[in-house]
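Colleague: My file is structure-v7.txt. It has compact mmCIF, C-alpha atoms:
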# COMPACT_ATOMS: atom_id res chain seq x y z
CA MET A 1 29.40 20.25 94.46
CA ASP A 2 31.94 23.08 94.77
CA LYS A 3 32.17 22.44 98.49
CA LEU A 4 33.11 18.85 97.84
CA LYS A 5 35.90 19.84 95.45
CA LYS A 6 37.30 22.40 97.87
CA ALA A 7 37.28 19.83 100.70
CA ALA A 8 39.19 17.34 98.57
CA GLY A 9 42.05 19.77 98.00
CA ALA A 10 44.67 18.23 95.76
CA ALA A 11 42.91 14.89 95.62
CA PRO A 12 42.53 13.26 92.23
CA ALA A 13 39.23 13.52 90.41
CA SER A 14 37.04 10.51 91.02
CA PRO A 15 33.83 9.52 89.32
CA HIS A 16 32.23 8.85 92.69
CA PRO A 17 31.09 12.13 94.39
CA LEU A 18 31.64 10.93 97.96
CA ALA A 19 35.16 9.68 97.24
CA ALA A 20 36.26 13.20 96.41
CA ALA A 21 35.01 14.48 99.79
CA ARG A 22 37.67 12.58 101.71
CA LYS A 23 40.54 14.55 103.17
CA TYR A 24 43.94 13.02 102.56
CA SER A 25 46.76 13.12 105.06
CA VAL A 26 50.38 13.83 104.24
CA TYR A 27 51.14 10.11 104.26
CA ASP A 28 48.32 9.32 101.84
CA LYS A 29 49.57 11.96 99.40
CA ASP A 30 53.07 10.46 99.43
CA ARG A 31 51.72 6.99 98.86
CA MET A 32 49.54 8.19 95.99
CA ALA A 33 52.49 9.96 94.40
CA LYS A 34 54.57 6.77 94.58
CA HIS A 35 51.69 4.78 93.14
CA ARG A 36 51.36 7.12 90.19
CA ALA A 37 55.06 6.93 89.32
CA SER A 38 55.79 3.99 87.10
CA SER A 39 58.89 1.88 87.46
CA HIS A 40 59.20 2.10 83.69
CA ASP A 41 59.42 5.88 83.61
CA VAL A 42 62.93 7.05 82.95
CA SER A 43 63.81 10.54 83.89
CA GLY A 44 66.16 12.20 81.49
CA SER A 45 66.30 12.33 77.75
CA GLU A 46 64.26 10.60 75.10
CA PRO A 47 65.81 7.47 73.56
CA ASP A 48 67.67 8.28 70.40
CA ASP A 49 68.09 6.09 67.32
CA ASP A 50 71.76 5.35 68.11
CA SER A 51 70.83 3.38 71.21
CA LEU A 52 68.89 0.81 69.17
CA THR A 53 70.99 -2.12 68.07
CA ASP A 54 71.17 -3.14 64.44
CA PHE A 55 71.60 -6.90 64.08
CA THR A 56 73.45 -8.37 61.17
CA LYS A 57 72.52 -11.74 59.73
CA THR A 58 75.36 -13.51 61.57
CA ASP A 59 74.35 -11.86 64.85
CA LEU A 60 70.79 -13.07 64.39
CA LEU A 61 71.95 -16.61 63.58
CA ALA A 62 74.18 -16.65 66.66
CA PHE A 63 71.31 -15.32 68.75
CA LYS A 64 68.92 -17.90 67.30
CA SER A 65 71.26 -20.78 68.11
CA THR A 66 71.10 -19.94 71.81
CA PHE A 67 67.40 -20.79 71.96
CA ALA A 68 66.44 -24.22 73.22
CA LYS A 69 65.63 -26.88 70.66
CA PRO A 70 61.90 -27.55 70.34
CA LYS A 71 60.62 -30.68 71.98
CA TYR A 72 58.05 -32.61 70.02
CA ALA A 73 55.18 -34.44 71.59
CA ASN A 74 55.10 -38.24 71.70
CA THR A 75 53.22 -39.96 68.93
CA TYR A 76 52.31 -42.90 71.17
CA ARG A 77 52.70 -45.14 68.15
CA MET A 78 53.07 -48.73 69.32
CA GLU A 79 53.54 -50.43 65.95
CA PRO A 80 56.15 -49.81 63.24
CA TYR A 81 55.08 -48.58 59.83
CA ARG A 82 57.17 -51.32 58.22
CA LYS A 83 57.62 -54.45 60.32
CA PHE A 84 60.75 -56.57 60.35
CA GLU A 85 60.50 -59.25 57.67
CA PRO A 86 62.68 -62.24 58.64
CA HIS A 87 62.53 -63.99 55.26
CA VAL A 88 63.88 -60.91 53.43
CA VAL A 89 66.70 -60.43 55.94
CA LYS A 90 67.63 -64.12 55.95
CA LYS A 91 67.93 -64.13 52.18
CA LYS A 92 70.12 -61.00 52.27
CA VAL A 93 72.38 -62.40 55.04
CA GLU A 94 72.93 -65.73 53.31
CA GLU A 95 73.76 -63.88 50.09
CA ILE A 96 76.36 -61.75 51.93
CA LEU A 97 77.91 -64.81 53.59
CA LYS A 98 78.13 -66.62 50.26
CA ASN A 99 79.72 -63.65 48.43
CA LYS A 100 82.20 -62.67 51.17
CA LEU A 101 83.38 -66.18 52.02
CA GLN A 102 83.46 -67.81 48.61
CA ASP A 103 87.30 -68.12 48.51
CA PHE A 104 87.89 -68.11 52.29
CA ARG A 105 90.10 -70.71 53.97
CA TYR A 106 89.97 -70.86 57.76
CA SER A 107 93.01 -69.38 59.50
CA GLY A 108 93.07 -68.46 63.19
CA PRO A 109 94.78 -65.04 62.92
CA ILE A 110 92.45 -63.69 60.24
CA ALA A 111 89.21 -65.20 61.61
CA ALA A 112 88.58 -62.32 64.05
CA SER A 113 88.96 -59.61 61.41
CA THR A 114 86.76 -61.61 59.04
CA CYS A 115 84.01 -61.80 61.70
CA THR A 116 84.23 -58.04 62.30
CA ASP A 117 84.04 -57.32 58.58
CA LEU A 118 81.05 -59.63 58.16
CA THR A 119 79.28 -58.07 61.15
CA ASP A 120 79.70 -54.54 59.75
CA THR A 121 78.56 -55.58 56.28
CA ILE A 122 75.48 -57.41 57.56
CA LEU A 123 74.50 -54.55 59.88
CA GLN A 124 74.78 -52.01 57.08
CA ALA A 125 72.74 -54.21 54.70
CA VAL A 126 69.97 -54.78 57.26
CA THR A 127 69.67 -51.09 58.14
CA GLU A 128 69.48 -50.22 54.43
CA LEU A 129 66.39 -52.44 54.14
CA GLY A 130 64.58 -49.66 56.04
CA PHE A 131 62.53 -51.44 58.69
CA ASP A 132 60.98 -48.75 60.86
CA ARG A 133 62.04 -48.22 64.50
CA TYR A 134 64.24 -51.27 64.99
CA LYS A 135 67.62 -51.62 66.63
CA TYR A 136 69.79 -54.50 65.53
CA VAL A 137 72.27 -56.78 67.23
CA VAL A 138 74.47 -58.74 64.82
CA GLN A 139 76.64 -61.64 66.00
CA VAL A 140 78.86 -63.67 63.71
CA PHE A 141 80.48 -66.94 64.82
CA LEU A 142 83.23 -68.43 62.67
CA VAL A 143 84.27 -71.91 63.84
CA GLU A 144 86.83 -74.31 62.35
CA LYS A 145 85.59 -77.85 61.79
CA THR A 146 87.79 -80.31 63.66
CA GLY A 147 85.25 -82.95 64.66
CA GLN A 148 83.82 -81.04 67.64
CA SER A 149 80.27 -79.90 68.27
CA ILE A 150 79.17 -76.36 69.08
CA HIS A 151 76.09 -75.11 70.87
CA ILE A 152 75.14 -71.40 70.67
CA ALA A 153 72.48 -70.01 73.04
CA SER A 154 71.13 -66.52 73.68
CA ARG A 155 68.67 -65.02 76.15
CA TRP A 156 66.79 -61.77 75.66
CA VAL A 157 64.05 -59.75 77.26
CA TRP A 158 61.58 -60.13 74.44
CA ASP A 159 58.40 -58.61 73.08
CA VAL A 160 56.86 -61.48 71.15
CA ALA A 161 54.58 -59.24 69.07
CA ARG A 162 57.30 -56.90 67.72
CA ASP A 163 60.81 -58.33 68.25
CA ASN A 164 62.26 -60.98 65.99
CA TRP A 165 65.48 -62.73 65.02
CA ILE A 166 66.97 -64.74 62.19
CA GLN A 167 69.92 -67.06 61.73
CA GLY A 168 71.95 -67.31 58.56
CA GLN A 169 74.68 -69.88 58.12
CA GLN A 170 77.15 -71.25 55.65
CA GLU A 171 79.08 -74.47 56.01
CA THR A 172 82.09 -75.80 54.10
CA GLU A 173 84.44 -78.73 54.73
CA ASN A 174 86.79 -76.72 57.01
CA TYR A 175 84.60 -74.06 58.74
CA VAL A 176 81.05 -73.09 59.78
CA VAL A 177 79.79 -69.51 59.89
CA VAL A 178 76.66 -68.65 61.87
CA ALA A 179 75.23 -65.13 61.78
CA LEU A 180 72.53 -64.11 64.28
CA ILE A 181 70.54 -60.92 63.67
CA ILE A 182 68.28 -59.79 66.49
CA ALA A 183 65.80 -57.01 65.66
CA CYS A 184 64.42 -55.24 68.73
CA TYR A 185 61.56 -52.78 68.28
CA TYR A 186 62.39 -49.38 69.70
CA GLU A 187 59.35 -47.31 70.70
In structure tokens, what does this structure look like?
Modeller:
Amino acid sequence: MDKLKKAAGAAPASPHPLAAARKYSVYDKDRMAKHRASSHDVSGSEPDDDSLTDFTKTDLLAFKSTFAKPKYANTYRMEPYRKFEPHVVKKKVEEILKNKLQDFRYSGPIAASTCTDLTDTILQAVTELGFDRYKYVVQVFLVEKTGQSIHIASRWVWDVARDNWIQGQQETENYVVVALIIACYYE
């Protein structure tokens, strides 16, 4: 066994007896020396405590805000928890129309602002009812009665099982108000 160790020279100790008998060339020794050196070894001094950074609470919060927001997996839920109920919405819309227009007299210049105000009020009231996963389209038509007829038509790409709509209206001797609320299910 001593002969084998002498033949190996400066070779590293190996558990296999025949592996130690190999003679290494100059090139092999250089390659083994490079292999032993780690890229993480730093020649020089030991790291001191001053080189470690102390984070304050604001630094940590600023650092945390740079991380990406977590993305949540899809639920693949195809039905709302609370479906759109047309009878409840129709009752609410007709109540709003009655309260807002109780002393209203038709006038051209103020009709547009009245329609906008009614649209905002109806949209807010419908969203407060809390139907799950619906987007709403609210249209209000305010027309003066002068002996003419009016025909309102709409076309939509529709999911019959989930989407719905209602129409609320109020009529007096000098105007007609028609409010359309379209509820589209949003997956």
Colleague: Need to verify the contact set: region 157-174 of chain A, 8 Å, all atoms listed in the file, exclusion of same-chain residues closer than 3 positions in sequence. Can you return it as a list in words?
Modeller: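 Near region 157-174 of chain A, the qualifying residues are Glu79, Lys83, Phe84, Pro86, Val89, Lys90, Val93, Glu94, Leu97, Lys98, Arg105, Tyr106, Glu144, Lys145, Thr146, Val177, Val178, Ala179, Leu180, Ile181, Ile182, Ala183, Cys184 and Tyr185 of chain A.
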Colleague: Please indicate the distance in Å from CA of Tyr81 (chain A) to CA of Asp120 (chain A), rounded to one decimal place.
Modeller: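 Separation between CA of Tyr81 (chain A) and CA of Asp120 (chain A): 25.3 Å.
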Colleague: Which one is closest to Glu128 (chain A): A:Thr114, A:Tyr175, A:Lys92, A:Gly108? Count only C-alpha atoms.
Modeller: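 Nearest candidate to Glu128 (chain A) out of A:Thr114, A:Tyr175, A:Lys92, A:Gly108: A:Lys92.
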Colleague: Please provide the set of residues having any atom within 10 Å of Leu118 (chain A), restricted to all atoms listed in the file, with same-chain residues fewer than 2 positions apart removed, written as a ChimeraX atom specification.
Modeller: /A:93,96-97,100-101,112-116,120-124,138-141,179
Colleague: Have a look at CA of Arg82 (chain A) and CA of Lys135 (chain A) and let me know their distance in Å, one decimal.
Modeller: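 These two atoms are separated by 13.4 Å.
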Colleague: What does the structure give for the distance between CA of Glu85 (chain A) and CA of Trp156 (chain A), in Å to one decimal?
Modeller: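 Going from CA of Glu85 (chain A) over to CA of Trp156 (chain A) covers 19.2 Å.
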Colleague: Give the centre and edge lengths of an axis-aligned box, in Å to one decimal, that holds all listed atoms of region 131-146 of chain A with 4 Å on each side, as JSON.
Modeller:
{"center_x": 74.4, "center_y": -64.3, "center_z": 63.0, "size_x": 34.8, "size_y": 40.1, "size_z": 16.5}
